[in-house]
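Data block for my_file-v9.txt (compact mmCIF, C-alpha atoms):
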```
# COMPACT_ATOMS: atom_id res chain seq x y z
CA MET A 5 27.23 51.25 11.14
CA LEU A 6 26.31 49.80 14.54
CA ARG A 7 24.57 46.88 12.85
CA LEU A 8 27.61 46.25 10.66
CA ALA A 9 29.93 46.37 13.68
CA GLN A 10 27.78 43.80 15.45
CA LEU A 11 27.86 41.49 12.45
CA VAL A 12 31.64 41.80 12.21
CA ARG A 13 32.03 41.04 15.93
CA ARG A 14 29.79 37.98 15.68
CA TRP A 15 31.74 36.79 12.66
CA ARG A 16 35.07 37.16 14.47
CA GLU A 17 33.68 35.31 17.51
CA SER A 18 32.31 32.43 15.45
CA ALA A 19 34.36 29.25 14.97
CA LEU A 20 34.50 29.90 11.23
CA GLY A 21 35.70 33.46 11.73
CA ARG A 22 38.33 32.43 14.28
CA ASP A 23 39.75 29.72 12.05
CA LEU A 24 39.84 31.93 8.98
CA GLY A 25 41.46 34.66 11.06
CA ARG A 26 44.12 32.28 12.31
CA ALA A 27 44.79 31.00 8.79
CA LEU A 28 45.13 34.57 7.56
CA LEU A 29 47.46 35.44 10.44
CA LEU A 30 49.70 32.47 9.67
CA PHE A 31 49.78 33.48 6.04
CA LEU A 32 50.59 37.13 6.75
CA LEU A 33 53.33 36.23 9.22
CA TRP A 34 55.20 33.54 7.30
CA ARG A 35 54.56 34.74 3.77
CA GLY A 36 55.27 38.30 4.84
CA VAL A 37 58.73 37.26 6.01
CA LEU A 38 59.30 35.34 2.77
CA PHE A 39 58.19 38.25 0.58
CA ALA A 40 60.41 40.63 2.53
CA PHE A 41 63.36 38.29 2.20
CA ALA A 42 62.76 37.87 -1.55
CA PHE A 43 62.61 41.64 -1.97
CA VAL A 44 65.93 42.21 -0.18
CA ALA A 45 67.64 39.21 -1.81
CA GLY A 46 66.35 40.15 -5.24
CA SER A 47 67.70 43.66 -4.77
CA ILE A 48 71.25 42.54 -4.06
CA THR A 49 71.58 39.54 -6.40
CA THR A 50 71.80 39.27 -10.18
CA ASP A 51 69.12 37.92 -12.49
CA ARG A 52 70.39 35.11 -14.70
CA PHE A 53 68.56 36.54 -17.73
CA PRO A 54 68.23 40.30 -17.06
CA HIS A 55 66.99 40.98 -20.58
CA GLY A 56 65.86 37.53 -21.62
CA ILE A 57 63.21 34.94 -20.88
CA ASN A 58 60.26 35.35 -18.55
CA HIS A 59 60.32 39.16 -18.56
CA ASP A 60 57.13 39.86 -20.46
CA TRP A 61 54.83 39.61 -17.44
CA ASN A 62 54.45 43.37 -16.90
CA GLY A 63 54.62 42.98 -13.16
CA GLY A 64 57.84 44.77 -12.32
CA TRP A 65 61.06 43.05 -11.27
CA PHE A 66 59.76 41.87 -7.89
CA TRP A 67 56.48 40.30 -8.94
CA ASN A 68 58.04 38.93 -12.12
CA GLY A 69 60.32 36.97 -9.81
CA TRP A 70 57.37 34.80 -8.76
CA ALA A 71 56.69 33.65 -12.33
CA ARG A 72 59.52 31.48 -13.61
CA TRP A 73 59.95 28.22 -15.52
CA ASP A 74 56.64 26.28 -15.62
CA ALA A 75 54.77 29.52 -14.97
CA GLY A 76 55.30 30.25 -18.64
CA TRP A 77 53.40 27.11 -19.60
CA TYR A 78 50.42 28.09 -17.46
CA ARG A 79 50.55 31.55 -19.03
CA ASP A 80 50.46 29.94 -22.48
CA VAL A 81 47.40 27.89 -21.52
CA VAL A 82 45.67 31.14 -20.57
CA ARG A 83 46.75 32.97 -23.72
CA TYR A 84 46.71 30.29 -26.39
CA GLY A 85 44.94 27.27 -24.96
CA TYR A 86 46.13 23.73 -25.56
CA TYR A 87 48.30 22.68 -28.47
CA VAL A 88 50.73 19.93 -29.46
CA VAL A 89 53.90 20.08 -31.49
CA PRO A 90 55.12 17.43 -33.96
CA GLY A 91 56.37 14.32 -32.21
CA TYR A 92 54.70 15.38 -28.94
CA GLY A 93 57.49 17.71 -27.90
CA GLU A 94 57.14 20.03 -24.91
CA SER A 95 53.78 21.79 -25.05
CA THR A 96 50.89 23.03 -22.93
CA VAL A 97 49.00 19.71 -22.89
CA ALA A 98 51.18 18.55 -19.97
CA PHE A 99 49.61 21.16 -17.66
CA PHE A 100 46.19 20.56 -16.15
CA PRO A 101 43.64 23.32 -16.69
CA LEU A 102 42.06 24.50 -13.43
CA TYR A 103 44.79 26.90 -12.32
CA ALA A 104 45.07 28.48 -15.78
CA TYR A 105 41.30 28.74 -16.18
CA LEU A 106 40.78 30.36 -12.77
CA THR A 107 43.59 32.78 -13.57
CA LYS A 108 41.94 33.62 -16.88
CA VAL A 109 38.62 34.34 -15.17
CA LEU A 110 40.29 36.62 -12.63
CA PHE A 111 42.29 38.27 -15.40
CA TYR A 112 39.08 39.80 -16.74
CA LEU A 113 38.74 41.62 -13.40
CA THR A 114 42.36 42.57 -12.75
CA ARG A 115 43.45 43.11 -16.38
CA ASN A 116 46.85 41.82 -15.29
CA LEU A 117 47.65 38.16 -15.90
CA LEU A 118 50.46 37.93 -13.37
CA ALA A 119 48.39 39.57 -10.64
CA ALA A 120 45.49 37.23 -11.36
CA GLY A 121 47.64 34.11 -11.04
CA LEU A 122 49.37 35.26 -7.86
CA ILE A 123 46.01 36.11 -6.28
CA VAL A 124 44.72 32.62 -7.09
CA SER A 125 47.85 31.05 -5.56
CA ASN A 126 47.96 33.08 -2.37
CA LEU A 127 44.22 32.97 -1.67
CA SER A 128 44.39 29.22 -2.20
CA LEU A 129 47.13 29.04 0.42
CA VAL A 130 45.07 30.99 2.96
CA PHE A 131 42.05 28.70 2.58
CA SER A 132 44.32 25.64 2.58
CA LEU A 133 45.55 26.67 6.02
CA PHE A 134 41.93 26.99 7.14
CA TYR A 135 41.12 23.43 6.12
CA LEU A 136 44.39 22.14 7.54
CA LEU A 137 43.55 23.64 10.93
CA ARG A 138 40.26 21.76 10.95
CA ILE A 139 41.73 18.49 9.71
CA GLY A 140 44.55 18.63 12.22
CA ARG A 141 42.24 19.19 15.17
CA ARG A 142 40.48 15.90 14.48
CA TYR A 143 43.61 14.05 15.62
CA PHE A 144 46.02 16.39 17.40
CA ASP A 145 46.14 19.07 20.05
CA GLU A 146 46.31 22.73 19.10
CA GLU A 147 50.07 23.02 19.60
CA THR A 148 50.79 20.05 17.34
CA VAL A 149 48.52 21.42 14.63
CA GLN A 150 50.22 24.81 14.82
CA ARG A 151 53.67 23.26 14.56
CA GLY A 152 52.59 21.13 11.61
CA LEU A 153 51.43 24.19 9.69
CA VAL A 154 54.66 26.03 10.45
CA TYR A 155 56.65 23.04 9.19
CA LEU A 156 54.68 23.12 5.96
CA LEU A 157 55.14 26.88 5.50
CA VAL A 158 58.93 26.73 5.99
CA PHE A 159 59.47 23.62 3.87
CA PRO A 160 62.24 24.47 1.36
CA THR A 161 59.97 24.35 -1.70
CA SER A 162 56.93 25.96 -0.07
CA PHE A 163 57.66 29.21 -1.93
CA PHE A 164 55.84 27.59 -4.87
CA PHE A 165 52.61 28.10 -2.90
CA SER A 166 52.97 31.83 -3.54
CA ALA A 167 54.30 31.60 -7.10
CA PHE A 168 52.54 31.49 -10.47
CA TYR A 169 52.17 27.72 -10.07
CA ALA A 170 49.31 25.34 -9.31
CA GLU A 171 50.81 23.99 -6.05
CA ALA A 172 48.69 26.09 -3.67
CA LEU A 173 45.51 25.36 -5.61
CA PHE A 174 46.32 21.65 -5.46
CA LEU A 175 46.87 21.96 -1.71
CA LEU A 176 43.52 23.70 -1.33
CA THR A 177 41.52 21.22 -3.39
CA THR A 178 43.05 18.20 -1.66
CA THR A 179 42.75 19.53 1.89
CA ALA A 180 39.15 20.56 1.27
CA ALA A 181 38.40 17.12 -0.21
CA PHE A 182 39.88 15.40 2.84
CA TYR A 183 38.05 17.67 5.24
CA TYR A 184 34.69 16.67 3.77
CA PHE A 185 35.73 13.02 3.37
CA LEU A 186 36.64 12.72 7.04
CA ASP A 187 33.35 14.43 7.88
CA GLU A 188 31.54 11.88 5.65
CA ARG A 189 30.14 14.62 3.42
CA TYR A 190 30.92 12.73 0.26
CA PHE A 191 29.25 14.99 -2.28
CA TRP A 192 31.46 17.94 -1.40
CA CYS A 193 34.44 15.63 -1.11
CA GLY A 194 33.74 14.44 -4.67
CA ILE A 195 33.44 18.01 -5.97
CA TRP A 196 36.71 19.16 -4.41
CA GLY A 197 38.42 15.94 -5.44
CA MET A 198 37.28 16.46 -9.01
CA LEU A 199 38.80 19.94 -8.89
CA ALA A 200 42.05 18.43 -7.59
CA CYS A 201 42.14 16.10 -10.60
CA LEU A 202 41.68 19.16 -12.81
CA THR A 203 44.66 20.79 -11.10
CA ARG A 204 47.31 18.08 -11.21
CA SER A 205 47.55 14.52 -12.47
CA SER A 206 48.37 13.36 -8.93
CA GLY A 207 44.79 14.21 -8.00
CA VAL A 208 43.91 10.61 -8.83
CA ALA A 209 45.76 9.70 -5.63
CA LEU A 210 42.82 11.15 -3.73
CA PHE A 211 40.37 8.68 -5.24
CA LEU A 212 42.67 5.68 -4.77
CA ALA A 213 43.45 6.60 -1.15
CA MET A 214 39.90 7.51 -0.18
CA ALA A 215 38.33 4.46 -1.81
CA ALA A 216 40.84 2.15 -0.14
CA GLY A 217 40.45 3.95 3.18
CA TYR A 218 36.66 3.83 3.01
CA PHE A 219 36.58 0.06 2.51
CA TRP A 220 39.37 -0.55 5.03
CA ASN A 221 37.52 1.34 7.77
CA ARG A 222 34.34 -0.70 7.16
CA ARG A 223 35.89 -4.06 6.35
CA ALA A 224 34.32 -5.71 9.40
CA HIS A 225 30.98 -3.92 9.11
CA LEU A 226 29.74 -4.13 5.53
CA SER A 227 26.33 -2.95 6.71
CA GLN A 228 27.89 0.49 7.34
CA MET A 229 28.51 1.03 3.61
CA ARG A 230 26.64 4.12 2.47
CA LEU A 231 25.21 4.78 -0.96
CA GLY A 232 26.33 8.38 -0.61
CA ALA A 233 29.95 7.25 -0.82
CA LEU A 234 29.39 6.79 -4.55
CA TRP A 235 29.91 10.55 -4.82
CA LEU A 236 33.61 9.71 -4.55
CA LEU A 237 33.34 8.62 -8.17
CA LEU A 238 33.20 12.34 -9.02
CA ILE A 239 36.93 12.57 -8.25
CA PRO A 240 38.28 10.78 -11.34
CA CYS A 241 35.74 12.70 -13.42
CA GLY A 242 38.19 15.61 -13.22
CA LEU A 243 40.67 13.59 -15.26
CA LEU A 244 37.94 12.63 -17.73
CA ILE A 245 36.98 16.29 -18.14
CA PHE A 246 40.60 17.20 -18.94
CA MET A 247 40.75 14.35 -21.44
CA LEU A 248 37.58 15.68 -23.07
CA ILE A 249 39.12 19.17 -23.26
CA LEU A 250 42.18 17.70 -24.99
CA LYS A 251 40.00 15.69 -27.37
CA LEU A 252 38.17 18.86 -28.39
CA THR A 253 41.28 21.06 -28.65
CA VAL A 254 44.11 18.84 -29.93
CA GLY A 255 42.24 15.72 -30.98
CA ASP A 256 43.99 13.36 -28.53
CA PRO A 257 42.56 12.76 -25.03
CA LEU A 258 45.82 11.11 -23.93
CA ALA A 259 48.10 13.91 -25.13
CA PHE A 260 48.92 14.88 -21.52
CA SER A 261 50.43 11.44 -21.00
CA LYS A 262 52.23 11.10 -24.33
CA VAL A 263 53.96 14.45 -23.99
CA GLN A 264 55.70 13.40 -20.77
CA ALA A 265 58.44 11.75 -22.83
CA ALA A 266 59.53 15.22 -23.93
CA TRP A 267 60.56 15.83 -20.31
CA GLY A 268 62.33 12.47 -20.11
CA ARG A 269 59.55 10.77 -18.18
CA HIS A 270 58.63 7.12 -18.86
CA LEU A 271 56.74 4.50 -16.88
CA LYS A 272 59.04 2.77 -14.41
CA PHE A 273 58.77 0.95 -11.08
CA PRO A 274 59.28 3.61 -8.34
CA LEU A 275 62.11 1.86 -6.49
CA VAL A 276 63.92 1.24 -9.78
CA THR A 277 63.68 4.98 -10.40
CA LEU A 278 65.47 5.71 -7.13
CA TRP A 279 68.22 3.24 -8.01
CA ASP A 280 68.66 4.39 -11.61
CA GLU A 281 68.70 8.06 -10.68
CA GLY A 282 71.28 7.38 -7.99
CA ARG A 283 73.59 5.85 -10.57
CA LYS A 284 73.63 9.19 -12.38
CA LEU A 285 75.33 10.95 -9.48
CA ASN A 286 78.83 12.07 -10.34
CA PHE A 287 80.48 14.18 -7.67
CA ALA A 288 83.80 13.92 -9.49
CA VAL A 289 82.50 16.75 -11.70
CA PRO A 290 82.77 20.04 -9.77
CA ARG A 291 79.83 22.42 -9.60
CA ASN A 292 77.47 19.86 -11.14
CA ALA A 293 74.01 21.16 -10.31
CA LYS A 294 72.38 17.95 -11.55
CA ASN A 295 73.97 16.08 -8.67
CA MET A 296 72.14 18.18 -6.12
CA ASP A 297 68.85 18.01 -8.03
CA ILE A 298 69.02 14.22 -8.11
CA LEU A 299 70.26 13.86 -4.54
CA GLY A 300 67.60 16.25 -3.27
CA GLY A 301 64.88 14.35 -5.10
CA GLN A 302 66.10 11.05 -3.69
CA VAL A 303 66.34 12.29 -0.12
CA VAL A 304 62.89 13.89 -0.21
CA SER A 305 61.39 10.76 -1.80
CA VAL A 306 62.74 8.49 0.91
CA LEU A 307 61.78 10.84 3.74
CA PHE A 308 58.23 11.27 2.49
CA LEU A 309 57.84 7.52 2.10
CA ILE A 310 58.84 7.02 5.73
CA VAL A 311 57.53 9.98 7.74
CA PRO A 312 53.78 9.46 7.00
CA LEU A 313 54.11 5.96 8.49
CA PHE A 314 54.53 7.67 11.88
CA LEU A 315 50.78 8.28 11.75
CA ILE A 316 49.76 4.61 11.57
CA GLY A 317 47.04 4.03 14.14
CA LYS A 318 46.63 7.76 14.77
CA VAL A 319 44.83 9.08 11.68
CA ASP A 320 42.53 7.73 8.99
CA VAL A 321 44.44 5.27 6.81
CA SER A 322 43.44 7.22 3.69
CA LEU A 323 45.70 10.10 4.75
CA ILE A 324 48.70 7.79 4.96
CA LEU A 325 47.93 6.10 1.64
CA TYR A 326 47.48 9.48 -0.01
CA SER A 327 50.88 10.68 1.24
CA LEU A 328 52.64 7.60 -0.08
CA LEU A 329 50.90 7.80 -3.46
CA LEU A 330 51.94 11.43 -3.94
CA VAL A 331 55.55 10.20 -3.88
CA LEU A 332 55.09 6.90 -5.71
CA ILE A 333 53.18 8.41 -8.64
CA PRO A 334 55.94 10.86 -9.72
CA LEU A 335 58.58 8.21 -9.00
CA SER A 336 56.78 5.93 -11.45
CA THR A 337 57.66 8.37 -14.25
CA GLY A 338 61.33 7.42 -14.04
CA ARG A 339 62.70 10.68 -12.64
CA VAL A 340 63.15 12.32 -9.25
CA LEU A 341 63.21 15.79 -10.81
CA SER A 342 60.72 18.16 -9.12
CA ILE A 343 59.79 15.68 -6.38
CA PRO A 344 60.79 18.24 -3.68
CA ARG A 345 58.14 20.54 -5.20
CA PHE A 346 55.59 17.74 -5.51
CA ALA A 347 56.18 16.89 -1.84
CA ALA A 348 55.28 20.35 -0.53
CA PRO A 349 51.49 19.67 -0.54
CA ILE A 350 51.84 16.32 1.31
CA PHE A 351 50.36 17.83 4.45
CA PRO A 352 50.02 14.61 6.54
CA ALA A 353 53.81 14.30 6.60
CA PHE A 354 54.15 17.65 8.35
CA PHE A 355 51.55 16.68 10.94
CA ALA A 356 53.47 13.41 11.42
CA LEU A 357 56.68 15.29 12.20
CA ALA A 358 54.90 17.61 14.61
CA TYR A 359 53.18 14.67 16.34
CA ARG A 360 56.05 12.23 16.70
CA VAL A 361 58.97 14.57 17.34
CA LYS A 362 58.37 16.66 20.44
CA SER A 363 61.94 17.84 21.02
CA ARG A 364 62.26 21.61 21.07
CA ARG A 365 65.84 21.27 19.87
CA PHE A 366 64.68 19.30 16.83
CA GLU A 367 61.96 21.87 16.16
CA GLN A 368 64.48 24.72 16.25
CA LEU A 369 66.92 22.78 14.06
CA PHE A 370 64.23 21.80 11.55
CA ILE A 371 62.77 25.28 11.23
CA THR A 372 66.22 26.89 10.97
CA ALA A 373 67.49 24.43 8.35
CA SER A 374 64.24 24.54 6.37
CA ALA A 375 64.12 28.33 6.47
CA LEU A 376 67.71 28.56 5.20
CA LEU A 377 66.98 26.17 2.34
CA LEU A 378 63.69 27.96 1.64
CA GLY A 379 65.57 31.24 1.30
CA PHE A 380 68.21 29.62 -0.91
CA TYR A 381 65.68 28.04 -3.27
CA THR A 382 63.57 31.19 -3.36
CA VAL A 383 66.56 33.27 -4.48
CA GLN A 384 67.48 30.64 -7.07
CA TYR A 385 63.97 30.62 -8.49
CA PHE A 386 63.68 34.40 -8.28
CA ASN A 387 66.84 34.81 -10.37
CA GLN A 388 65.73 32.21 -12.95
CA TYR A 389 67.95 29.34 -11.86
CA TRP A 390 66.33 25.92 -11.66
CA ALA A 391 64.88 25.28 -8.19
CA ASN A 392 63.23 21.87 -8.20
```

As structure tokens:
Amino acid sequence: MLRLAQLVRRWRESALGRDLGRALLLFLLWRGVLFAFAFVAGSITTDRFPHGINHDWNGGWFWNGWARWDAGWYRDVVRYGYYVVPGYGESTVAFFPLYAYLTKVLFYLTRNLLAAGLIVSNLSLVFSLFYLLRIGRRYFDEETVQRGLVYLLVFPTSFFFSAFYAEALFLLTTTAAFYYFLDERYFWCGIWGMLACLTRSSGVALFLAMAAGYFWNRRAHLSQMRLGALWLLLIPCGLLIFMLILKLTVGDPLAFSKVQAAWGRHLKFPLVTLWDEGRKLNFAVPRNAKNMDILGGQVVSVLFLIVPLFLIGKVDVSLILYSLLLVLIPLSTGRVLSIPRFAAPIFPAFFALAYRVKSRRFEQLFITASALLLGFYTVQYFNQYWAN
């Protein structure tokens, strides 16, 4: 016992132990408040479908509340694998495999699919915070890093990090990839980047941003090019692996792209998307939820195209390019739907806010407004209303 106590003490005193402990503390504090709020709000509000969809999770009313909408598609990937329907209608091929496959592996241990998925999501969030602490310290003081993480955790759609969704896993894989990229450990960067491409289609933004950033940083010193940087080519291999899976299961490696039309997504220039979506706004119709979905998507798109620019000259250019690509890629599909959710993992933007805006009044206003919207969207999602 004495030996074990000594090992635990040394672990807690180590840099690794301290950072993991801080990440866990942040998670327990901010997610604990969110879970408590969801429990109280769920107890006093009414479920939209009390006896209908999304109630076959066997997790009880509270935990079922964290598995809505697209969670059902990930569940179907676990249960039934990939399939297509005639005419490439809505089907599982639109959802990348890593989150579902990790959930399936953990399911064999927990024997509860919902529990397995929520464990994957919330553990991913804890380790994401660990990597974010270490990335942030490369450029900012401790207070700025702390504020940046708080901003991320109270962002209105950050509840998806704890839901039966792939958002937290995507955050983990991308932050880990950037941590090793900035440390010039390109093999591990390539591995984590490949996992990001197996999590979400936007994972390709990692390769584009890192490749451009690598060459930009060495543009005047070609002799500094390292053969080891070729490990970055592992990143797009994640997409190739998914295409191979689709070829073997449904016979079409591009099925994930073709099925997007079923959700109304088509290739379009990003700025044209913002204009066209804005023309759909019609506030003459009372209680039109689509107005707020479109307006929210537009506002978030514009903000996340501007805020990362605050970091020009302060951080590696790849971080800025990556942030912009994570907005431009979904905009290129012709819709702003779900962009507030897609923006939640754009971690450089939250560091940019914490770095450039030092006003305590702004901090209080931002956290208060974000927390209110976070609570609102959480209750919406919990009760099976659409929440970005």

Do you have the CA of Pro274 in chain A-CA of Asp297 in chain A distance handy?
17.3 Å

Can you tell me which residues surround range 42-48 of chain A at a distance of at most 9 Å, considering only C-alpha atoms, apart from same-chain residues fewer than 5 positions away, and format the answer as a PDB file with C-alpha atoms, in the coordinates of the input?
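Dumped to selection_15.pdb:
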```
ATOM      1  CA  VAL A  37      58.730  37.260   6.010  1.00  0.00           C
ATOM      2  CA  TRP A  65      61.060  43.050 -11.270  1.00  0.00           C
ATOM      3  CA  PHE A  66      59.760  41.870  -7.890  1.00  0.00           C
ATOM      4  CA  GLY A  69      60.320  36.970  -9.810  1.00  0.00           C
ATOM      5  CA  GLY A 379      65.570  31.240   1.300  1.00  0.00           C
ATOM      6  CA  THR A 382      63.570  31.190  -3.360  1.00  0.00           C
ATOM      7  CA  VAL A 383      66.560  33.270  -4.480  1.00  0.00           C
ATOM      8  CA  PHE A 386      63.680  34.400  -8.280  1.00  0.00           C
ATOM      9  CA  ASN A 387      66.840  34.810 -10.370  1.00  0.00           C
TER      10      ASN A 387
END
```

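Checking A:Ala27, A:Val311, A:Ala233, A:Ile139 one by one against Ala358 in chain A, counting all atoms listed in the file, you find the shortest gap at A:Val311.
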
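Taking CA of Pro240 in chain A and CA of Leu252 in chain A as endpoints, the distance between them is 18.9 Å.
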
Go through range 142-208 of chain A residue by residue and, counting all atoms listed in the file, keep those with an atom at most 12 Å from range 348-354 of chain A; for each kept residue give the shortest atom pair and its distance in Å to one decimal, ordered by chain and increasing number, as a tab-separated table.
```
residue	atom	partner	partner_atom	distance
A:Tyr143	CA	A:Pro352	CA	11.1
A:Phe144	CA	A:Pro352	CA	11.7
A:Thr148	CA	A:Phe354	CA	9.9
A:Val149	CA	A:Phe354	CA	9.2
A:Gln150	CA	A:Phe354	CA	10.4
A:Arg151	CA	A:Phe354	CA	8.4
A:Gly152	CA	A:Phe354	CA	5.0
A:Leu153	CA	A:Phe354	CA	7.2
A:Val154	CA	A:Phe354	CA	8.7
A:Tyr155	CA	A:Phe354	CA	6.0
A:Leu156	CA	A:Phe354	CA	6.0
A:Leu157	CA	A:Ala348	CA	8.9
A:Val158	CA	A:Ala348	CA	9.8
A:Phe159	CA	A:Ala348	CA	6.9
A:Pro160	CA	A:Ala348	CA	8.3
A:Thr161	CA	A:Ala348	CA	6.3
A:Ser162	CA	A:Ala348	CA	5.9
A:Phe163	CA	A:Ala348	CA	9.3
A:Phe164	CA	A:Ala348	CA	8.5
A:Phe165	CA	A:Ala348	CA	8.5
A:Ala170	CA	A:Pro349	CA	10.7
A:Glu171	CA	A:Pro349	CA	7.0
A:Ala172	CA	A:Pro349	CA	7.7
A:Leu173	CA	A:Pro349	CA	9.7
A:Phe174	CA	A:Pro349	CA	7.4
A:Leu175	CA	A:Pro349	CA	5.3
A:Leu176	CA	A:Pro349	CA	9.0
A:Thr177	CA	A:Pro349	CA	10.5
A:Thr178	CA	A:Pro349	CA	8.6
A:Thr179	CA	A:Phe351	CA	8.2
A:Ala180	CA	A:Phe351	CA	12.0
A:Phe182	CA	A:Pro352	CA	10.8
A:Ala200	CA	A:Pro349	CA	11.8
A:Arg204	CA	A:Pro349	CA	11.6
A:Ser206	CA	A:Pro349	CA	11.0
A:Gly207	CA	A:Pro349	CA	11.4
```

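One distance worth recording is that between CA of Tyr359 in chain A and CA of Ser336 in chain A, which is 29.4 Å.
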
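Restricting the calculation to all atoms listed in the file, the smallest distance between Gly268 in chain A and any of A:Ala19, A:Val340, A:Leu136, A:Val208 is found for A:Val340.
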
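Proximity of A:Ser125, A:Ser327, A:Thr277, A:Gln302 to Phe314 in chain A, computed with all atoms listed in the file, is greatest for A:Ser327.
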
Within 6 Å of Gly197 in chain A, counting only C-alpha atoms, which residues show up once you throw out same-chain ones fewer than 3 positions away? Write them as an MDAnalysis selection string, please.
chainID A and resid 181 193:194 200 239

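Each of A:Gly338, A:Pro344, A:Gly91, A:Gly242 was compared to Gly301 in chain A using all atoms listed in the file, and A:Pro344 turns out to be the nearest.
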
List the spatial neighbours of Arg189 in chain A as a list in words - criterion: any atom at most 12 Å away, all atoms listed in the file, same-chain residues fewer than 2 positions off excluded.
Ala180, Ala181, Phe182, Tyr183, Tyr184, Phe185, Leu186, Asp187, Phe191, Trp192, Cys193, Gly194, Ile195, Trp196, Arg230, Leu231, Gly232, Ala233, Leu234, Trp235 and Leu236 of chain A

Range 229-307 of chain A near range 98-115 of chain A within 12 Å: what's each residue's closest atom pair and its distance in Å to one decimal, counting all atoms listed in the file, ordered by chain then ascending residue number, as a tab-separated table?
```
residue	atom	partner	partner_atom	distance
A:Gly242	CA	A:Leu102	CA	9.7
A:Leu243	CA	A:Phe100	CA	8.9
A:Leu244	CA	A:Phe100	CA	11.6
A:Ile245	CA	A:Pro101	CA	9.8
A:Phe246	CA	A:Phe100	CA	7.1
A:Met247	CA	A:Phe100	CA	9.8
A:Leu248	CA	A:Pro101	CA	11.7
A:Ile249	CA	A:Pro101	CA	9.0
A:Leu250	CA	A:Phe100	CA	10.1
A:Pro257	CA	A:Ala98	CA	11.6
A:Leu258	CA	A:Ala98	CA	10.0
A:Ala259	CA	A:Ala98	CA	7.6
A:Phe260	CA	A:Ala98	CA	4.6
A:Ser261	CA	A:Ala98	CA	7.2
A:Lys262	CA	A:Ala98	CA	8.7
A:Val263	CA	A:Ala98	CA	6.4
A:Gln264	CA	A:Ala98	CA	6.9
A:Ala265	CA	A:Ala98	CA	10.4
A:Ala266	CA	A:Ala98	CA	9.8
A:Trp267	CA	A:Ala98	CA	9.8
A:Arg269	CA	A:Ala98	CA	11.6
```

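Proximity ranking of A:Ala167, A:Tyr218, A:Ser322, A:Leu122 relative to Tyr190 in chain A places A:Tyr218 first, based on all atoms listed in the file.
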
For the structure just given, write the atoms of range 264-276 of chain A, namely N, CA and C atoms, as an mmCIF file, in the first residue's frame.
```cif
data_model
loop_
_atom_site.group_PDB
_atom_site.id
_atom_site.type_symbol
_atom_site.label_atom_id
_atom_site.label_comp_id
_atom_site.auth_asym_id
_atom_site.auth_seq_id
_atom_site.Cartn_x
_atom_site.Cartn_y
_atom_site.Cartn_z
ATOM 1 N N GLN A 264 -25.453 12.863 -49.597
ATOM 2 C CA GLN A 264 -25.645 14.190 -49.018
ATOM 3 C C GLN A 264 -26.841 14.922 -49.624
ATOM 4 N N ALA A 265 -27.158 14.601 -50.882
ATOM 5 C CA ALA A 265 -28.301 15.248 -51.528
ATOM 6 C C ALA A 265 -29.603 14.960 -50.796
ATOM 7 N N ALA A 266 -29.663 13.819 -50.104
ATOM 8 C CA ALA A 266 -30.879 13.481 -49.359
ATOM 9 C C ALA A 266 -31.119 14.463 -48.214
ATOM 10 N N TRP A 267 -30.074 15.111 -47.756
ATOM 11 C CA TRP A 267 -30.189 16.144 -46.717
ATOM 12 C C TRP A 267 -30.173 17.550 -47.323
ATOM 13 N N GLY A 268 -30.355 17.632 -48.625
ATOM 14 C CA GLY A 268 -30.409 18.932 -49.289
ATOM 15 C C GLY A 268 -29.068 19.597 -49.461
ATOM 16 N N ARG A 269 -27.989 18.818 -49.446
ATOM 17 C CA ARG A 269 -26.654 19.398 -49.561
ATOM 18 C C ARG A 269 -26.094 19.163 -50.969
ATOM 19 N N HIS A 270 -25.602 20.238 -51.589
ATOM 20 C CA HIS A 270 -25.011 20.185 -52.921
ATOM 21 C C HIS A 270 -23.807 21.125 -52.954
ATOM 22 N N LEU A 271 -22.871 20.838 -53.808
ATOM 23 C CA LEU A 271 -21.652 21.648 -53.894
ATOM 24 C C LEU A 271 -21.996 23.077 -54.309
ATOM 25 N N LYS A 272 -21.482 24.039 -53.525
ATOM 26 C CA LYS A 272 -21.762 25.440 -53.804
ATOM 27 C C LYS A 272 -20.642 26.292 -53.209
ATOM 28 N N PHE A 273 -20.357 27.424 -53.840
ATOM 29 C CA PHE A 273 -19.340 28.329 -53.307
ATOM 30 C C PHE A 273 -19.808 28.844 -51.940
ATOM 31 N N PRO A 274 -18.920 28.809 -50.928
ATOM 32 C CA PRO A 274 -19.345 29.124 -49.545
ATOM 33 C C PRO A 274 -20.051 30.463 -49.383
ATOM 34 N N LEU A 275 -19.534 31.518 -49.999
ATOM 35 C CA LEU A 275 -20.173 32.833 -49.829
ATOM 36 C C LEU A 275 -21.540 32.885 -50.506
ATOM 37 N N VAL A 276 -21.690 32.132 -51.592
ATOM 38 C CA VAL A 276 -22.998 32.043 -52.244
ATOM 39 C C VAL A 276 -23.986 31.350 -51.309
#
```
